[in-house]
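Structure data follow from input.cif (mmCIF, C-alpha atoms and all ligand atoms):
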```cif
data_input
#
loop_
_atom_site.label_atom_id
_atom_site.label_comp_id
_atom_site.auth_asym_id
_atom_site.auth_seq_id
_atom_site.Cartn_x
_atom_site.Cartn_y
_atom_site.Cartn_z
CA MET S 12 101.99 103.98 120.40
CA LYS S 13 98.51 104.32 121.92
CA GLU S 14 99.51 107.63 123.48
CA LEU S 15 100.94 108.92 120.21
CA ILE S 16 97.77 107.87 118.34
CA GLN S 17 95.66 109.84 120.82
CA LYS S 18 97.86 112.95 120.65
CA LEU S 19 98.41 113.18 116.91
CA PRO S 20 96.18 115.65 115.08
CA LYS S 21 94.20 113.71 112.49
CA ALA S 22 91.67 114.18 109.71
CA GLU S 23 88.92 111.70 108.93
CA LEU S 24 88.05 111.40 105.23
CA HIS S 25 85.86 108.30 105.08
CA LEU S 26 82.95 108.39 107.49
CA HIS S 27 79.30 107.72 106.71
CA ILE S 28 77.34 109.83 109.17
CA GLU S 29 74.55 107.22 109.18
CA GLY S 30 77.21 104.69 110.19
CA SER S 31 77.95 106.64 113.37
CA LEU S 32 74.47 105.90 114.76
CA GLU S 33 75.18 104.19 118.08
CA PRO S 34 72.59 101.63 119.30
CA GLU S 35 71.70 103.83 122.30
CA LEU S 36 70.76 106.79 120.06
CA MET S 37 69.04 104.40 117.63
CA PHE S 38 66.77 103.21 120.45
CA ALA S 39 66.13 106.71 121.80
CA LEU S 40 65.13 108.00 118.34
CA ALA S 41 63.01 104.92 117.62
CA GLN S 42 61.05 105.54 120.80
CA LYS S 43 60.69 109.28 120.15
CA ASN S 44 59.57 108.77 116.53
CA ASN S 45 57.44 105.67 117.14
CA ILE S 46 59.51 103.45 114.87
CA ASN S 47 59.52 99.70 115.37
CA LEU S 48 63.00 98.16 115.57
CA PRO S 49 63.49 94.41 115.05
CA TYR S 50 65.45 94.29 118.34
CA LYS S 51 64.29 94.21 121.98
CA ASN S 52 67.22 96.14 123.43
CA VAL S 53 70.71 97.55 122.84
CA GLU S 54 72.33 94.20 123.63
CA GLU S 55 70.28 92.48 120.93
CA VAL S 56 71.29 95.17 118.41
CA LYS S 57 74.94 94.61 119.15
CA GLN S 58 74.51 90.86 118.71
CA ALA S 59 73.09 91.45 115.23
CA TYR S 60 76.34 93.16 114.17
CA ASN S 61 77.91 89.95 112.95
CA PHE S 62 78.51 90.54 109.29
CA THR S 63 79.48 88.11 106.57
CA SER S 64 79.80 90.60 103.69
CA LEU S 65 79.20 94.23 102.70
CA GLN S 66 75.57 93.42 101.80
CA SER S 67 74.86 91.74 105.15
CA PHE S 68 75.98 94.97 106.82
CA LEU S 69 74.11 97.31 104.47
CA ASN S 70 70.78 95.57 105.19
CA ILE S 71 71.16 96.36 108.90
CA TYR S 72 72.63 99.83 108.29
CA TYR S 73 69.67 100.94 106.12
CA ALA S 74 67.18 99.52 108.67
CA GLY S 75 68.93 101.47 111.44
CA ALA S 76 68.73 104.73 109.43
CA ASN S 77 64.90 104.46 109.49
CA VAL S 78 64.85 106.04 112.96
CA LEU S 79 66.19 109.34 111.56
CA ILE S 80 63.18 111.54 110.83
CA THR S 81 63.52 115.18 111.91
CA GLU S 82 66.20 117.83 111.44
CA SER S 83 67.07 117.51 115.13
CA ASP S 84 67.67 113.74 114.67
CA PHE S 85 70.28 114.48 112.00
CA PHE S 86 71.73 117.21 114.19
CA ASP S 87 72.00 114.88 117.22
CA LEU S 88 73.58 112.14 115.10
CA THR S 89 76.22 114.50 113.70
CA TRP S 90 76.89 116.22 117.01
CA ALA S 91 77.48 112.87 118.74
CA TYR S 92 80.07 112.02 116.07
CA LEU S 93 81.81 115.38 116.45
CA LEU S 94 82.11 114.90 120.22
CA ARG S 95 83.87 111.59 119.51
CA CYS S 96 86.19 113.40 117.09
CA HIS S 97 86.99 116.01 119.70
CA ALA S 98 87.83 113.31 122.24
CA GLN S 99 90.17 111.61 119.72
CA ASN S 100 91.94 114.75 118.48
CA VAL S 101 90.39 114.69 115.01
CA CYS S 102 90.68 118.29 113.79
CA HIS S 103 89.12 118.02 110.35
CA VAL S 104 86.40 115.78 108.91
CA GLU S 105 85.03 115.18 105.42
CA ILE S 106 81.85 113.25 106.04
CA PHE S 107 79.53 111.32 103.73
CA PHE S 108 75.78 111.37 103.85
CA ASP S 109 73.37 109.22 101.81
CA PRO S 110 70.38 111.44 100.87
CA GLN S 111 68.55 108.67 98.97
CA THR S 112 68.34 106.56 102.15
CA HIS S 113 66.13 109.31 103.57
CA THR S 114 64.36 110.89 100.59
CA SER S 115 63.10 107.40 99.63
CA ARG S 116 61.27 107.39 103.01
CA GLY S 117 59.71 110.79 102.40
CA ILE S 118 62.25 112.83 104.40
CA ALA S 119 63.08 116.09 102.61
CA PHE S 120 66.62 116.63 101.33
CA GLN S 121 66.63 119.95 103.18
CA THR S 122 65.78 118.31 106.53
CA VAL S 123 68.76 115.97 106.25
CA LEU S 124 71.16 118.62 105.02
CA GLU S 125 70.25 121.28 107.54
CA GLY S 126 70.41 118.94 110.53
CA ILE S 127 73.89 117.80 109.56
CA THR S 128 75.12 121.27 108.54
CA LYS S 129 73.96 122.97 111.75
CA ALA S 130 75.89 120.43 113.81
CA LEU S 131 78.99 120.90 111.63
CA GLN S 132 78.79 124.67 112.12
CA LYS S 133 78.52 124.22 115.89
CA GLY S 134 81.45 121.80 115.73
CA GLU S 135 83.62 124.39 114.03
CA LYS S 136 82.62 127.11 116.49
CA GLU S 137 82.67 125.20 119.75
CA LEU S 138 85.11 122.34 119.14
CA GLY S 139 87.37 123.84 116.48
CA ILE S 140 86.71 120.94 114.10
CA GLY S 141 86.80 121.92 110.41
CA SER S 142 84.52 120.03 108.06
CA PHE S 143 83.33 119.39 104.53
CA LEU S 144 80.27 117.46 103.46
CA ILE S 145 80.23 114.86 100.65
CA MET S 146 76.95 113.60 99.19
CA CYS S 147 77.03 109.92 98.20
CA PHE S 148 74.87 108.31 95.53
CA LEU S 149 73.63 104.79 96.26
CA ARG S 150 75.02 102.66 93.44
CA HIS S 151 72.40 99.89 93.78
CA LEU S 152 69.77 102.43 92.68
CA SER S 153 69.28 103.71 89.14
CA GLU S 154 71.12 106.41 87.23
CA GLU S 155 67.81 108.26 87.01
CA ASP S 156 67.37 108.29 90.79
CA ALA S 157 70.92 109.59 91.16
CA PHE S 158 70.25 112.40 88.65
CA GLU S 159 67.16 113.41 90.69
CA THR S 160 69.30 113.50 93.82
CA LEU S 161 71.90 115.65 92.07
CA LYS S 162 69.11 118.07 91.11
CA ALA S 163 67.78 118.15 94.69
CA SER S 164 71.25 119.06 95.94
CA LEU S 165 71.72 122.11 93.72
CA PRO S 166 69.99 124.67 95.99
CA PHE S 167 72.42 123.59 98.74
CA LYS S 168 75.51 123.45 96.57
CA ASP S 169 77.44 125.87 98.76
CA LYS S 170 77.20 123.41 101.68
CA ILE S 171 78.42 120.35 99.74
CA ILE S 172 82.03 120.07 98.60
CA GLY S 173 81.73 116.93 96.56
CA VAL S 174 80.01 113.71 95.63
CA GLY S 175 80.80 110.05 96.19
CA LEU S 176 79.48 106.61 95.30
CA ASP S 177 78.64 103.97 97.91
CA SER S 178 76.44 100.96 98.78
CA SER S 179 76.54 97.49 97.13
CA GLU S 180 79.65 97.48 94.96
CA VAL S 181 79.74 94.21 93.04
CA GLY S 182 77.42 94.37 90.02
CA HIS S 183 77.24 98.17 90.18
CA PRO S 184 80.53 99.36 88.64
CA PRO S 185 81.47 103.05 88.35
CA SER S 186 80.69 102.92 84.59
CA LYS S 187 76.97 102.75 85.52
CA PHE S 188 77.28 106.37 86.68
CA GLU S 189 79.72 107.82 84.14
CA ARG S 190 77.22 110.35 82.72
CA LEU S 191 76.12 111.41 86.21
CA PHE S 192 79.66 112.18 87.31
CA VAL S 193 80.32 114.22 84.15
CA GLU S 194 77.41 116.44 85.29
CA CYS S 195 78.67 116.54 88.89
CA LYS S 196 82.02 117.75 87.64
CA LYS S 197 80.36 120.49 85.57
CA VAL S 198 78.51 121.66 88.70
CA GLY S 199 81.88 122.00 90.44
CA TYR S 200 81.61 119.09 92.87
CA LYS S 201 84.79 117.28 93.83
CA ILE S 202 84.63 113.56 93.10
CA VAL S 203 85.39 110.47 95.14
CA ALA S 204 84.05 106.91 94.89
CA HIS S 205 84.08 103.66 96.81
CA ALA S 206 85.99 101.19 94.65
CA GLY S 207 88.01 98.05 95.29
CA GLU S 208 86.38 97.26 98.65
CA GLU S 209 84.72 94.02 97.50
CA GLY S 210 84.90 94.76 93.79
CA ASP S 211 88.08 93.88 91.94
CA SER S 212 90.74 96.27 90.63
CA SER S 213 88.74 97.00 87.45
CA TYR S 214 86.36 99.05 89.65
CA ILE S 215 89.30 101.23 90.70
CA TRP S 216 90.42 101.69 87.09
CA GLU S 217 86.88 102.75 86.16
CA ALA S 218 86.65 105.19 89.09
CA ILE S 219 89.89 106.83 87.93
CA ASN S 220 89.37 106.75 84.17
CA LEU S 221 85.59 107.20 83.87
CA LEU S 222 84.58 109.14 86.99
CA GLN S 223 87.87 111.07 87.31
CA VAL S 224 87.96 110.71 91.07
CA GLU S 225 90.34 112.69 93.26
CA ARG S 226 90.37 109.95 95.91
CA ILE S 227 89.44 106.29 96.09
CA ASP S 228 87.44 105.11 99.09
CA HIS S 229 88.86 101.76 100.30
CA GLY S 230 90.80 100.75 97.16
CA ILE S 231 92.49 97.89 98.98
CA ARG S 232 92.14 95.51 96.01
CA CYS S 233 94.52 97.69 93.99
CA ASP S 234 97.37 95.36 94.86
CA GLU S 235 96.05 92.73 92.45
CA ASP S 236 97.39 94.95 89.69
CA GLU S 237 100.98 96.20 89.69
CA THR S 238 100.31 98.78 86.97
CA LEU S 239 97.47 100.24 89.01
CA VAL S 240 99.59 100.51 92.16
CA LYS S 241 102.27 102.28 90.08
CA LEU S 242 99.67 104.76 88.84
CA LEU S 243 98.37 105.44 92.36
CA ILE S 244 101.93 106.16 93.48
CA GLU S 245 102.86 108.27 90.46
CA LYS S 246 99.69 110.39 90.60
CA GLN S 247 99.49 110.25 94.41
CA ILE S 248 95.80 109.37 94.23
CA PRO S 249 94.85 108.84 97.89
CA LEU S 250 93.13 105.75 99.29
CA THR S 251 90.83 106.23 102.30
CA VAL S 252 91.36 102.87 103.98
CA CYS S 253 89.12 101.59 106.80
CA PRO S 254 90.91 98.70 108.53
CA LEU S 255 88.27 97.62 111.09
CA SER S 256 85.57 97.80 108.42
CA ASN S 257 87.58 95.59 106.06
CA VAL S 258 87.97 92.89 108.69
CA LYS S 259 84.35 93.11 109.97
CA LEU S 260 82.97 92.83 106.42
CA LYS S 261 85.39 90.01 105.57
CA ALA S 262 87.12 91.90 102.77
CA VAL S 263 90.28 90.98 104.72
CA LYS S 264 90.48 87.74 106.75
CA HIS S 265 92.53 89.04 109.67
CA MET S 266 94.07 92.42 110.53
CA LYS S 267 97.49 90.76 110.30
CA GLU S 268 96.79 90.26 106.58
CA HIS S 269 95.78 93.87 105.91
CA ASN S 270 97.80 95.47 103.10
CA ILE S 271 97.73 99.07 104.38
CA LEU S 272 101.34 99.00 105.63
CA LYS S 273 102.59 97.29 102.48
CA LEU S 274 100.92 99.98 100.35
CA LEU S 275 102.28 102.75 102.59
CA ARG S 276 105.82 101.38 102.23
CA GLN S 277 105.42 101.20 98.45
CA GLY S 278 104.58 104.91 98.43
CA VAL S 279 100.79 104.87 98.07
CA LEU S 280 99.08 107.83 99.80
CA VAL S 281 97.02 105.72 102.24
CA THR S 282 94.96 107.14 105.11
CA VAL S 283 93.20 105.56 108.12
CA ASN S 284 89.45 106.02 108.63
CA SER S 285 86.52 104.46 110.45
CA ASP S 286 83.80 104.10 107.74
CA ASP S 287 80.83 103.16 109.99
CA PRO S 288 82.25 103.27 113.51
CA ALA S 289 79.04 102.43 115.40
CA TYR S 290 78.84 99.15 113.48
CA PHE S 291 82.50 98.13 113.21
CA GLY S 292 83.68 98.49 116.80
CA GLY S 293 85.74 101.64 116.72
CA TYR S 294 86.28 105.24 115.75
CA ILE S 295 89.46 106.53 114.14
CA ASN S 296 91.87 105.91 117.04
CA GLU S 297 90.69 102.31 117.40
CA ASN S 298 91.47 101.85 113.70
CA TYR S 299 95.00 103.20 114.18
CA GLU S 300 95.40 100.99 117.27
CA ALA S 301 94.22 97.89 115.43
CA ILE S 302 96.82 98.26 112.69
CA CYS S 303 99.57 99.05 115.22
CA GLU S 304 98.72 95.92 117.20
CA ASN S 305 98.70 93.66 114.16
CA LEU S 306 101.21 95.15 111.75
CA ASP S 307 104.80 96.17 112.32
CA LEU S 308 104.23 99.92 112.14
CA SER S 309 106.94 102.35 113.32
CA ARG S 310 106.28 105.68 115.06
CA GLU S 311 107.42 107.50 111.92
CA GLU S 312 105.00 105.46 109.78
CA LEU S 313 102.21 106.30 112.18
CA LYS S 314 103.04 109.99 111.81
CA THR S 315 103.10 109.61 108.02
CA LEU S 316 99.57 108.17 108.14
CA ALA S 317 98.35 111.14 110.21
CA ALA S 318 100.11 113.60 107.85
CA ASN S 319 98.60 111.75 104.87
CA SER S 320 95.10 112.36 106.25
CA PHE S 321 95.63 116.09 105.78
CA LYS S 322 97.52 115.76 102.48
CA ALA S 323 94.65 113.73 101.03
CA SER S 324 91.99 116.15 102.29
CA PHE S 325 90.23 118.91 100.36
CA LEU S 326 91.80 121.58 102.60
CA ASN S 327 93.74 124.36 100.88
CA GLU S 328 97.52 124.14 100.65
CA ALA S 329 98.14 126.54 103.58
CA LYS S 330 95.96 124.49 105.94
CA LYS S 331 97.49 121.23 104.74
CA ARG S 332 100.93 122.65 105.53
CA TYR S 333 99.78 123.91 108.94
CA PHE S 334 98.52 120.47 109.97
CA THR S 335 101.37 118.42 108.49
CA ASP S 336 103.84 120.70 110.29
CA LEU S 337 101.89 120.11 113.48
CA VAL S 338 102.10 116.34 112.99
CA SER S 339 105.86 116.53 112.40
CA GLN S 340 106.35 118.07 115.86
CA TYR S 341 105.44 114.82 117.62
N1 LIG O 1 77.81 102.60 103.02
C1 LIG O 1 78.20 102.70 104.30
N2 LIG O 1 79.35 102.03 104.49
C2 LIG O 1 79.72 101.54 103.28
C3 LIG O 1 80.81 100.77 102.81
N3 LIG O 1 81.80 100.38 103.63
N4 LIG O 1 80.83 100.41 101.53
C4 LIG O 1 79.86 100.78 100.71
N5 LIG O 1 78.82 101.50 101.09
C5 LIG O 1 78.74 101.88 102.37
ZN ZN O 2 82.45 103.62 103.16
#
```

What do you get writing this file as structure tokens?
Amino acid sequence: MKELIQKLPKAELHLHIEGSLEPELMFALAQKNNINLPYKNVEEVKQAYNFTSLQSFLNIYYAGANVLITESDFFDLTWAYLLRCHAQNVCHVEIFFDPQTHTSRGIAFQTVLEGITKALQKGEKELGIGSFLIMCFLRHLSEEDAFETLKASLPFKDKIIGVGLDSSEVGHPPSKFERLFVECKKVGYKIVAHAGEEGDSSYIWEAINLLQVERIDHGIRCDEDETLVKLLIEKQIPLTVCPLSNVKLKAVKHMKEHNILKLLRQGVLVTVNSDDPAYFGGYINENYEAICENLDLSREELKTLAANSFKASFLNEAKKRYFTDLVSQY
């Protein structure tokens, strides 16, 4: 199975670029930019990655992002991720970035966007990795702040395929941003949202009915509601599931209890992703390996998951067919 996981062409659809900041790069950038980190060394950083909830992770994740200052920092961060993709046979990525995490520290939107975009262009040219960029709004901040971020993005609209919603879920339901997403849709952005990671199934209903999402990020709590699961199957609304993340953040007690295989067998369009790989102990292949080791997944089911990653992507129909045909040859 491990060999098949490595060989299969895959797309990654749920990856926060700030969550790919490895401790080694975090330290190097902190030193270069004269930023104080609350850790003495890389070992101490790794020891701090013991999370009890989404919020306990987010506190550390936002602190880590403080080391990102210049365009070249964002370039280096993105390039390091793309090299990992190349090594794991990921051919297409749709990555999230959190502009408010940086603009709130006085970093210009343009600095963030250009650093990431230049690395993505190099990735396409030199590694053959296709990519789209998705801008996420931080849901713990206000609607007004999100509207300002939307406005800041407009000069760079051609480099951003869509918008998402992330950060602290419980207490910040999709309905808080209904008016914002109506505007995003008018601008022509595609829409996704984190829902049903820690929040209950009502968050998923709101993401579908109020935000009109094309994909749900996480969505694992859908199985509390049979009617919702039926809808996901009928409409083939994809879920971008992140198994290692779910266990690390205690959304799921043990990988053996993860519902990804159950949902797949019911006919939900589930995909496998890494979320914040530098913090959760693995990139995409380690996520596939973790579910194979703990759930009774067949080779055909593994191939279906890889094919789903392309089906659920924002690629055009011809490219989707090209990649799903490629997967079927294994
Ligand atoms: N930001 C980065 N990772 C996240 C996650 N798993 N959930 C919500 N917001 C996030
Ligand atoms: Zn996420």

Atom pair CA of Lys170 (chain S) / CA of Ser186 (chain S): separation (Å):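 Computed distance, CA of Lys170 (chain S) to CA of Ser186 (chain S), equals 26.9 Å.
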
d(CA of Ala204 (chain S), CA of Phe291 (chain S)) in Å: 20.4 Å

All residues having an atom within 6 Å of ligand LIG 1 (chain O) (all atoms listed in the file) as a PyMOL selection string: chain S and resi 27+177-179+286-287

Separation of CA of Ala262 (chain S) from CA of Tyr290 (chain S), in Å and rounded to one decimal: 15.4 Å

9 Å contact set for Leu255 (chain S), only C-alpha atoms, chain neighbours under 2 positions out, as an NGL selection string: :S and (253 or 257-260 or 266 or 284-286 or 288 or 291-293 or 297-298 or 301-302)

Long-range neighbours of region 143-156 of chain S as a list in words, 7 Å cut-off, only C-alpha atoms, 4 positions minimum in chain: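 In the requested format, the answer is Val104, Glu105, Ile106, Phe107, Phe108, Asp109, Gln111, Thr160, Lys170, Ile171, Ile172, Gly173, Val174, Gly175, Leu176, Asp177, Ser178, Ser179, His183 and Phe188 of chain S.
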
Contacts of Val338 (chain S) at 10 Å (all atoms listed in the file; same-chain gap of 4+ positions) as a list in words: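 Non-adjacent residues within range: Lys18, Leu19, Pro20, Lys21, Lys314, Thr315, Leu316, Ala317, Ala318, Asn319, Phe321, Arg332, Tyr333 and Phe334 of chain S.
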
Radius query 10 Å about (70.7, 100.2, 120.6), atoms used: all atoms listed in the file, as a PyMOL selection string: chain S and resi 32-41+48+50-57+75

Close residues, Gly141 (chain S) itself excluded, 9 Å, only C-alpha atoms, min 6 positions apart in chain, as a list in words: Cys102, His103, Val104, Glu105, Leu131, Gln132, Gly134 and Glu135 of chain S

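Counting only C-alpha atoms, the residue from S:Lys187, S:Lys136, S:Lys13, S:His25 that sits nearest to Val252 (chain S) is S:His25.
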